[in-house]
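Reading through the structure tokens given below for one structure.
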2 protein chains.
Amino acid sequence: MTRLKSISYDELEVGTTGSFSKTLGERDIVLYAETSGDNNPLHFDEDYASQTMFKGRIAHGMWSAGLISTCIGTVMPGPGSIYMGQALVFKFPVKIGDTLTATLTVKQKLEKRKSVVIDCQVRNQDGKLVVCGDAKVIPPSLSAEIEVPKLPLIQIDGLE
Amino acid sequence: MTRLKSISYDELEVGTTGSFSKTLGERDIVLYAETSGDNNPLHFDEDYASQTMFKGRIAHGMWSAGLISTCIGTVMPGPGSIYMGQALVFKFPVKIGDTLTATLTVKQKLEKRKSVVIDCQVRNQDGKLVVCGDAKVIPPSLSAEIEVPKLPLIQIDGLE
């Protein structure tokens with residue numbers, strides 16, 4: 001994908017959907033911990049994590065929730081959206097190798113502020129609900145197509 | 001900090017607080033985009049971002065919200081906590097160089113599930129509220145002191 005398309009408020013309908021998928025790699029856990037400062041051993045120390053109710057290392061819950069935000073900012077409604085709020089319920093843990101899909105569906109259009117309420121569900125490869133909750137977003141007033149910025153290469157010691 | 005201390009449900013009181021601070025670097029935006037897949041140009045392309053209502057590049061909203069999660073997982077209640085849910089209201093944009101502080105305060109103890117409701121506020125260096133909302137957390141049943149895992153070095157092309 002080299003360009004992102006946004007969907008304007010007028011183009012969105014109740015029922016409009018969008019989705020974004022990503023598979024959790026070791027790399028993603030390390031990068032999330034570094035950027036967030038969250039080095040809780042539950043995400044890194046298999047010995048420690050295996051003694052918890054999760055029986056092993058899991059992703060940061062906010063990493064999974066972030067896929068909702070990614071879907072809003074890059075898929076539906078896409079660039080130009082203003083993110084007003086998000087409810088999150090964490091339902092199921094995520095392990096390395098899990099493929100998550102955030103599926104977003106417009107459930108309400110609020111004319112007054114030209115905002116939308118979006119139902120958000122993140123499920124794993126088995127269809128198990130991982131995170132869910134409503135988002136409140138002001139979509140762009142005009143749709144547009146925008147070039148995707150190229151990100152610099154990132155190397156992690158000891159990882160591919 | 002080489003060890004993390006957790007606070008058990010019994011030790012927490014209404015009014016118990018904890019905080020976590022971080023300054024947003026270019027590096028953090030790149031790492032967050034890479035791990036989340038969110039390459040919305042609002043976070044990277046100054047020309048594009050300067051034409052939006054934000055008048056320049058801003059952090060991903062979920063990056064700022066993530067500091068709440070970091071505070072829960074590493075400060076209060078700390079490791080062993082189970083993150084049940086989070087409400088988020090995005091109030092104010094964050095620019096590179098801003099120092100954010102997430103301040104969490106226990107507002108309710110729910111005996112039935114031994115869970116707590118935590119008021120969460122993330123403010124910038126000027127005291128401006130950036131993100132807020134309640135978290136629902138099951139704190140560990142016993143307090144503990146746990147060694148912080150060492151994360152691998154990360155290098156980004158063209159950045160210090």
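Naming scheme: A, B, ... for chains in displayed order of the structure tokens; residues 1 onward per chain; ligands 1 onward as shown.
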6 Å contacts from chain A to chain B using only C-alpha atoms, as a list of chain:residue names: A:Asp28, A:Leu31, A:Thr35, A:Asp38, A:Asn40, A:Pro41, A:Thr70, A:Gly73, A:Thr74, A:Met84, A:Gly85, A:Gln86, A:Ala87, A:Leu88, A:Val89, A:Phe90, A:Pro149, A:Pro152, A:Leu153, A:Ile154, A:Gln155, A:Ile156, A:Asp157
Strand (DSSP E) residues, from DSSP on the backbone, in chain B, as a PyMOL selection string: chain B and resi 3-5+17-23+82-90+99-110+115-123+129-138+145-147+154-156
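Put simply, CA of Ala102 in chain A is 24.8 Å away from CA of Val94 in chain B.
For Leu100 in chain A, the list of residues within 7 Å, based on only C-alpha atoms and with local chain neighbours fewer than 4 positions off taken out, reads Ser21, Lys22, Thr23, Val122, Arg123, Asn124 and Gln125 of chain A.
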Would you return as an mmCIF file with all heavy atoms, in the first residue's frame the members of chain A that DSSP assigns to alpha helix (DSSP H) on this structure's backbone?
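See states_5.cif below for the written result:
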```
data_model
loop_
_atom_site.group_PDB
_atom_site.id
_atom_site.type_symbol
_atom_site.label_atom_id
_atom_site.label_comp_id
_atom_site.auth_asym_id
_atom_site.auth_seq_id
_atom_site.Cartn_x
_atom_site.Cartn_y
_atom_site.Cartn_z
ATOM 1 N N GLU A 26 7.857 -11.042 18.007
ATOM 2 C CA GLU A 26 8.751 -10.677 19.125
ATOM 3 C C GLU A 26 9.156 -9.208 18.983
ATOM 4 O O GLU A 26 9.176 -8.440 19.944
ATOM 5 C CB GLU A 26 10.000 -11.573 19.041
ATOM 6 C CG GLU A 26 11.108 -11.247 20.022
ATOM 7 C CD GLU A 26 10.748 -11.659 21.439
ATOM 8 O OE1 GLU A 26 10.028 -12.655 21.592
ATOM 9 O OE2 GLU A 26 11.168 -10.975 22.379
ATOM 10 N N ARG A 27 9.483 -8.858 17.751
ATOM 11 C CA ARG A 27 9.877 -7.507 17.389
ATOM 12 C C ARG A 27 8.840 -6.450 17.849
ATOM 13 O O ARG A 27 9.202 -5.405 18.378
ATOM 14 C CB ARG A 27 9.986 -7.508 15.853
ATOM 15 C CG ARG A 27 10.430 -6.268 15.229
ATOM 16 C CD ARG A 27 10.476 -6.482 13.692
ATOM 17 N NE ARG A 27 10.626 -5.200 13.040
ATOM 18 C CZ ARG A 27 11.788 -4.596 12.860
ATOM 19 N NH1 ARG A 27 12.898 -5.197 13.226
ATOM 20 N NH2 ARG A 27 11.859 -3.403 12.299
ATOM 21 N N ASP A 28 7.574 -6.752 17.659
ATOM 22 C CA ASP A 28 6.521 -5.782 18.011
ATOM 23 C C ASP A 28 6.452 -5.551 19.519
ATOM 24 O O ASP A 28 6.213 -4.438 19.977
ATOM 25 C CB ASP A 28 5.161 -6.276 17.498
ATOM 26 C CG ASP A 28 5.133 -6.346 15.984
ATOM 27 O OD1 ASP A 28 5.449 -5.330 15.348
ATOM 28 O OD2 ASP A 28 4.823 -7.420 15.439
ATOM 29 N N ILE A 29 6.658 -6.634 20.280
ATOM 30 C CA ILE A 29 6.630 -6.496 21.745
ATOM 31 C C ILE A 29 7.791 -5.625 22.208
ATOM 32 O O ILE A 29 7.626 -4.741 23.049
ATOM 33 C CB ILE A 29 6.700 -7.886 22.430
ATOM 34 C CG1 ILE A 29 5.461 -8.719 22.080
ATOM 35 C CG2 ILE A 29 6.835 -7.730 23.929
ATOM 36 C CD1 ILE A 29 5.283 -9.962 22.945
ATOM 37 N N VAL A 30 8.967 -5.847 21.633
ATOM 38 C CA VAL A 30 10.150 -5.063 22.016
ATOM 39 C C VAL A 30 9.948 -3.590 21.650
ATOM 40 O O VAL A 30 10.207 -2.689 22.461
ATOM 41 C CB VAL A 30 11.425 -5.619 21.331
ATOM 42 C CG1 VAL A 30 12.613 -4.690 21.560
ATOM 43 C CG2 VAL A 30 11.737 -7.021 21.843
ATOM 44 N N LEU A 31 9.464 -3.337 20.441
ATOM 45 C CA LEU A 31 9.275 -1.952 20.006
ATOM 46 C C LEU A 31 8.206 -1.256 20.848
ATOM 47 O O LEU A 31 8.359 -0.089 21.220
ATOM 48 C CB LEU A 31 8.875 -1.898 18.519
ATOM 49 C CG LEU A 31 9.918 -2.406 17.520
ATOM 50 C CD1 LEU A 31 9.368 -2.331 16.101
ATOM 51 C CD2 LEU A 31 11.226 -1.626 17.632
ATOM 52 N N TYR A 32 7.133 -1.981 21.154
ATOM 53 C CA TYR A 32 6.089 -1.349 21.968
ATOM 54 C C TYR A 32 6.615 -1.022 23.364
ATOM 55 O O TYR A 32 6.349 0.057 23.905
ATOM 56 C CB TYR A 32 4.815 -2.217 22.049
ATOM 57 C CG TYR A 32 3.757 -1.441 22.801
ATOM 58 C CD1 TYR A 32 2.988 -0.478 22.144
ATOM 59 C CD2 TYR A 32 3.608 -1.583 24.172
ATOM 60 C CE1 TYR A 32 2.080 0.306 22.842
ATOM 61 C CE2 TYR A 32 2.700 -0.797 24.878
ATOM 62 C CZ TYR A 32 1.944 0.140 24.213
ATOM 63 O OH TYR A 32 1.061 0.935 24.900
ATOM 64 N N ALA A 33 7.368 -1.944 23.944
ATOM 65 C CA ALA A 33 7.918 -1.704 25.291
ATOM 66 C C ALA A 33 8.847 -0.495 25.286
ATOM 67 O O ALA A 33 8.824 0.333 26.196
ATOM 68 C CB ALA A 33 8.673 -2.942 25.775
ATOM 69 N N GLU A 34 9.654 -0.392 24.244
ATOM 70 C CA GLU A 34 10.620 0.708 24.159
ATOM 71 C C GLU A 34 9.900 2.052 24.031
ATOM 72 O O GLU A 34 10.223 3.020 24.720
ATOM 73 C CB GLU A 34 11.546 0.482 22.965
ATOM 74 C CG GLU A 34 12.599 1.554 22.762
ATOM 75 C CD GLU A 34 13.783 1.455 23.703
ATOM 76 O OE1 GLU A 34 13.920 0.420 24.390
ATOM 77 O OE2 GLU A 34 14.568 2.431 23.758
ATOM 78 N N THR A 35 8.908 2.124 23.166
ATOM 79 C CA THR A 35 8.240 3.410 22.939
ATOM 80 C C THR A 35 7.323 3.790 24.100
ATOM 81 O O THR A 35 7.154 4.977 24.387
ATOM 82 C CB THR A 35 7.478 3.430 21.587
ATOM 83 O OG1 THR A 35 7.053 4.768 21.305
ATOM 84 C CG2 THR A 35 6.278 2.511 21.582
ATOM 85 N N SER A 36 6.778 2.799 24.789
ATOM 86 C CA SER A 36 5.829 3.095 25.874
ATOM 87 C C SER A 36 6.503 3.139 27.244
ATOM 88 O O SER A 36 5.936 3.659 28.193
ATOM 89 C CB SER A 36 4.729 2.029 25.918
ATOM 90 O OG SER A 36 5.275 0.782 26.334
ATOM 91 N N GLU A 46 9.658 -15.283 30.320
ATOM 92 C CA GLU A 46 8.802 -16.478 30.199
ATOM 93 C C GLU A 46 8.641 -17.189 31.550
ATOM 94 O O GLU A 46 7.542 -17.651 31.873
ATOM 95 C CB GLU A 46 9.386 -17.428 29.137
ATOM 96 C CG GLU A 46 8.514 -18.627 28.803
ATOM 97 C CD GLU A 46 7.142 -18.296 28.198
ATOM 98 O OE1 GLU A 46 7.031 -17.297 27.457
ATOM 99 O OE2 GLU A 46 6.186 -19.034 28.491
ATOM 100 N N ASP A 47 9.715 -17.241 32.345
ATOM 101 C CA ASP A 47 9.626 -17.896 33.656
ATOM 102 C C ASP A 47 8.586 -17.203 34.533
ATOM 103 O O ASP A 47 7.730 -17.846 35.131
ATOM 104 C CB ASP A 47 10.979 -17.852 34.382
ATOM 105 C CG ASP A 47 11.946 -18.877 33.808
ATOM 106 O OD1 ASP A 47 11.491 -19.730 33.013
ATOM 107 O OD2 ASP A 47 13.139 -18.797 34.142
ATOM 108 N N TYR A 48 8.710 -15.879 34.594
ATOM 109 C CA TYR A 48 7.756 -15.105 35.399
ATOM 110 C C TYR A 48 6.341 -15.258 34.849
ATOM 111 O O TYR A 48 5.393 -15.540 35.587
ATOM 112 C CB TYR A 48 8.182 -13.623 35.423
ATOM 113 C CG TYR A 48 7.126 -12.713 35.994
ATOM 114 C CD1 TYR A 48 6.972 -12.565 37.376
ATOM 115 C CD2 TYR A 48 6.261 -12.007 35.156
ATOM 116 C CE1 TYR A 48 5.985 -11.745 37.906
ATOM 117 C CE2 TYR A 48 5.274 -11.187 35.679
ATOM 118 C CZ TYR A 48 5.140 -11.058 37.058
ATOM 119 O OH TYR A 48 4.155 -10.253 37.562
ATOM 120 N N ALA A 49 6.211 -15.073 33.525
ATOM 121 C CA ALA A 49 4.884 -15.063 32.898
ATOM 122 C C ALA A 49 4.191 -16.423 33.022
ATOM 123 O O ALA A 49 2.964 -16.495 33.148
ATOM 124 C CB ALA A 49 5.000 -14.658 31.435
ATOM 125 N N SER A 50 4.992 -17.503 33.020
ATOM 126 C CA SER A 50 4.387 -18.836 33.081
ATOM 127 C C SER A 50 3.746 -19.103 34.445
ATOM 128 O O SER A 50 2.919 -19.996 34.587
ATOM 129 C CB SER A 50 5.433 -19.908 32.764
ATOM 130 O OG SER A 50 6.417 -19.919 33.782
ATOM 131 N N GLY A 61 -1.663 -5.159 26.433
ATOM 132 C CA GLY A 61 -3.053 -4.961 26.007
ATOM 133 C C GLY A 61 -3.205 -3.760 25.091
ATOM 134 O O GLY A 61 -3.972 -3.787 24.115
ATOM 135 N N MET A 62 -2.456 -2.704 25.368
ATOM 136 C CA MET A 62 -2.562 -1.489 24.565
ATOM 137 C C MET A 62 -1.989 -1.671 23.157
ATOM 138 O O MET A 62 -2.297 -0.892 22.272
ATOM 139 C CB MET A 62 -1.857 -0.320 25.247
ATOM 140 C CG MET A 62 -2.728 0.378 26.254
ATOM 141 S SD MET A 62 -4.092 1.310 25.478
ATOM 142 C CE MET A 62 -4.740 2.125 26.945
ATOM 143 N N TRP A 63 -1.121 -2.672 22.988
ATOM 144 C CA TRP A 63 -0.652 -2.958 21.630
ATOM 145 C C TRP A 63 -1.831 -3.438 20.791
ATOM 146 O O TRP A 63 -2.035 -2.954 19.668
ATOM 147 C CB TRP A 63 0.473 -4.010 21.635
ATOM 148 C CG TRP A 63 0.969 -4.288 20.246
ATOM 149 C CD1 TRP A 63 1.917 -3.576 19.569
ATOM 150 C CD2 TRP A 63 0.503 -5.307 19.345
ATOM 151 N NE1 TRP A 63 2.071 -4.091 18.293
ATOM 152 C CE2 TRP A 63 1.218 -5.154 18.133
ATOM 153 C CE3 TRP A 63 -0.435 -6.336 19.438
ATOM 154 C CZ2 TRP A 63 1.022 -5.983 17.031
ATOM 155 C CZ3 TRP A 63 -0.637 -7.162 18.343
ATOM 156 C CH2 TRP A 63 0.091 -6.984 17.153
ATOM 157 N N SER A 64 -2.595 -4.362 21.346
ATOM 158 C CA SER A 64 -3.767 -4.878 20.620
ATOM 159 C C SER A 64 -4.782 -3.757 20.377
ATOM 160 O O SER A 64 -5.345 -3.630 19.287
ATOM 161 C CB SER A 64 -4.428 -6.006 21.412
ATOM 162 O OG SER A 64 -3.482 -6.993 21.760
ATOM 163 N N ALA A 65 -5.010 -2.953 21.393
ATOM 164 C CA ALA A 65 -5.957 -1.839 21.255
ATOM 165 C C ALA A 65 -5.487 -0.859 20.187
ATOM 166 O O ALA A 65 -6.291 -0.237 19.487
ATOM 167 C CB ALA A 65 -6.118 -1.129 22.593
ATOM 168 N N GLY A 66 -4.166 -0.748 20.051
ATOM 169 C CA GLY A 66 -3.609 0.184 19.060
ATOM 170 C C GLY A 66 -4.014 -0.151 17.632
ATOM 171 O O GLY A 66 -4.053 0.732 16.774
ATOM 172 N N LEU A 67 -4.330 -1.423 17.375
ATOM 173 C CA LEU A 67 -4.733 -1.798 16.011
ATOM 174 C C LEU A 67 -6.061 -1.125 15.634
ATOM 175 O O LEU A 67 -6.328 -0.873 14.454
ATOM 176 C CB LEU A 67 -4.826 -3.319 15.871
ATOM 177 C CG LEU A 67 -3.538 -4.091 16.184
ATOM 178 C CD1 LEU A 67 -3.732 -5.576 15.877
ATOM 179 C CD2 LEU A 67 -2.340 -3.550 15.418
ATOM 180 N N ILE A 68 -6.886 -0.843 16.632
ATOM 181 C CA ILE A 68 -8.126 -0.094 16.380
ATOM 182 C C ILE A 68 -7.765 1.299 15.878
ATOM 183 O O ILE A 68 -8.291 1.781 14.865
ATOM 184 C CB ILE A 68 -8.963 0.014 17.688
ATOM 185 C CG1 ILE A 68 -9.460 -1.363 18.120
ATOM 186 C CG2 ILE A 68 -10.105 1.004 17.509
ATOM 187 C CD1 ILE A 68 -10.138 -1.382 19.496
ATOM 188 N N SER A 69 -6.859 1.922 16.584
ATOM 189 C CA SER A 69 -6.420 3.270 16.214
ATOM 190 C C SER A 69 -5.768 3.281 14.825
ATOM 191 O O SER A 69 -5.980 4.200 14.023
ATOM 192 C CB SER A 69 -5.453 3.768 17.288
ATOM 193 O OG SER A 69 -4.720 4.853 16.847
ATOM 194 N N THR A 70 -4.988 2.250 14.538
ATOM 195 C CA THR A 70 -4.362 2.133 13.214
ATOM 196 C C THR A 70 -5.437 2.052 12.135
ATOM 197 O O THR A 70 -5.331 2.689 11.075
ATOM 198 C CB THR A 70 -3.467 0.879 13.152
ATOM 199 O OG1 THR A 70 -2.437 1.010 14.130
ATOM 200 C CG2 THR A 70 -2.832 0.717 11.782
ATOM 201 N N CYS A 71 -6.464 1.275 12.391
ATOM 202 C CA CYS A 71 -7.551 1.124 11.418
ATOM 203 C C CYS A 71 -8.272 2.465 11.203
ATOM 204 O O CYS A 71 -8.593 2.832 10.069
ATOM 205 C CB CYS A 71 -8.511 0.040 11.900
ATOM 206 S SG CYS A 71 -9.654 -0.520 10.633
ATOM 207 N N ILE A 72 -8.491 3.192 12.288
ATOM 208 C CA ILE A 72 -9.137 4.509 12.171
ATOM 209 C C ILE A 72 -8.261 5.466 11.362
ATOM 210 O O ILE A 72 -8.740 6.157 10.464
ATOM 211 C CB ILE A 72 -9.410 5.107 13.585
ATOM 212 C CG1 ILE A 72 -10.519 4.316 14.268
ATOM 213 C CG2 ILE A 72 -9.770 6.592 13.501
ATOM 214 C CD1 ILE A 72 -10.710 4.641 15.744
ATOM 215 N N GLY A 73 -6.970 5.475 11.658
ATOM 216 C CA GLY A 73 -6.076 6.460 11.043
ATOM 217 C C GLY A 73 -5.641 6.145 9.631
ATOM 218 O O GLY A 73 -5.195 7.031 8.909
ATOM 219 N N THR A 74 -5.747 4.858 9.232
ATOM 220 C CA THR A 74 -5.230 4.500 7.909
ATOM 221 C C THR A 74 -6.253 3.824 7.000
ATOM 222 O O THR A 74 -6.013 3.709 5.802
ATOM 223 C CB THR A 74 -3.997 3.559 8.030
ATOM 224 O OG1 THR A 74 -4.404 2.310 8.600
ATOM 225 C CG2 THR A 74 -2.904 4.170 8.895
#
```
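As for CA of Pro139 in chain B and CA of Lys128 in chain A, they are spaced 24.6 Å apart.
Minimum distance to Asp126 in chain A across A:Ser141, A:Thr99, A:Lys112, A:Leu104 (counting only C-alpha atoms) occurs at A:Thr99.
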Spatial neighbours of Asp10 in chain A, max dist 12 Å, only C-alpha atoms, sep filter under 3 positions, as an NGL selection string: :A and (6-7 or 13-14 or 16 or 77 or 109-111 or 114-116 or 138-143)
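Reported to one decimal place, the separation of CA of Arg3 in chain A from CA of Gln51 in chain B is 17.9 Å.
The residue that comes closest to Lys5 in chain B, out of B:Ile58, B:Met76, B:Asp119, B:Leu129 and on the basis of only C-alpha atoms, is B:Met76.
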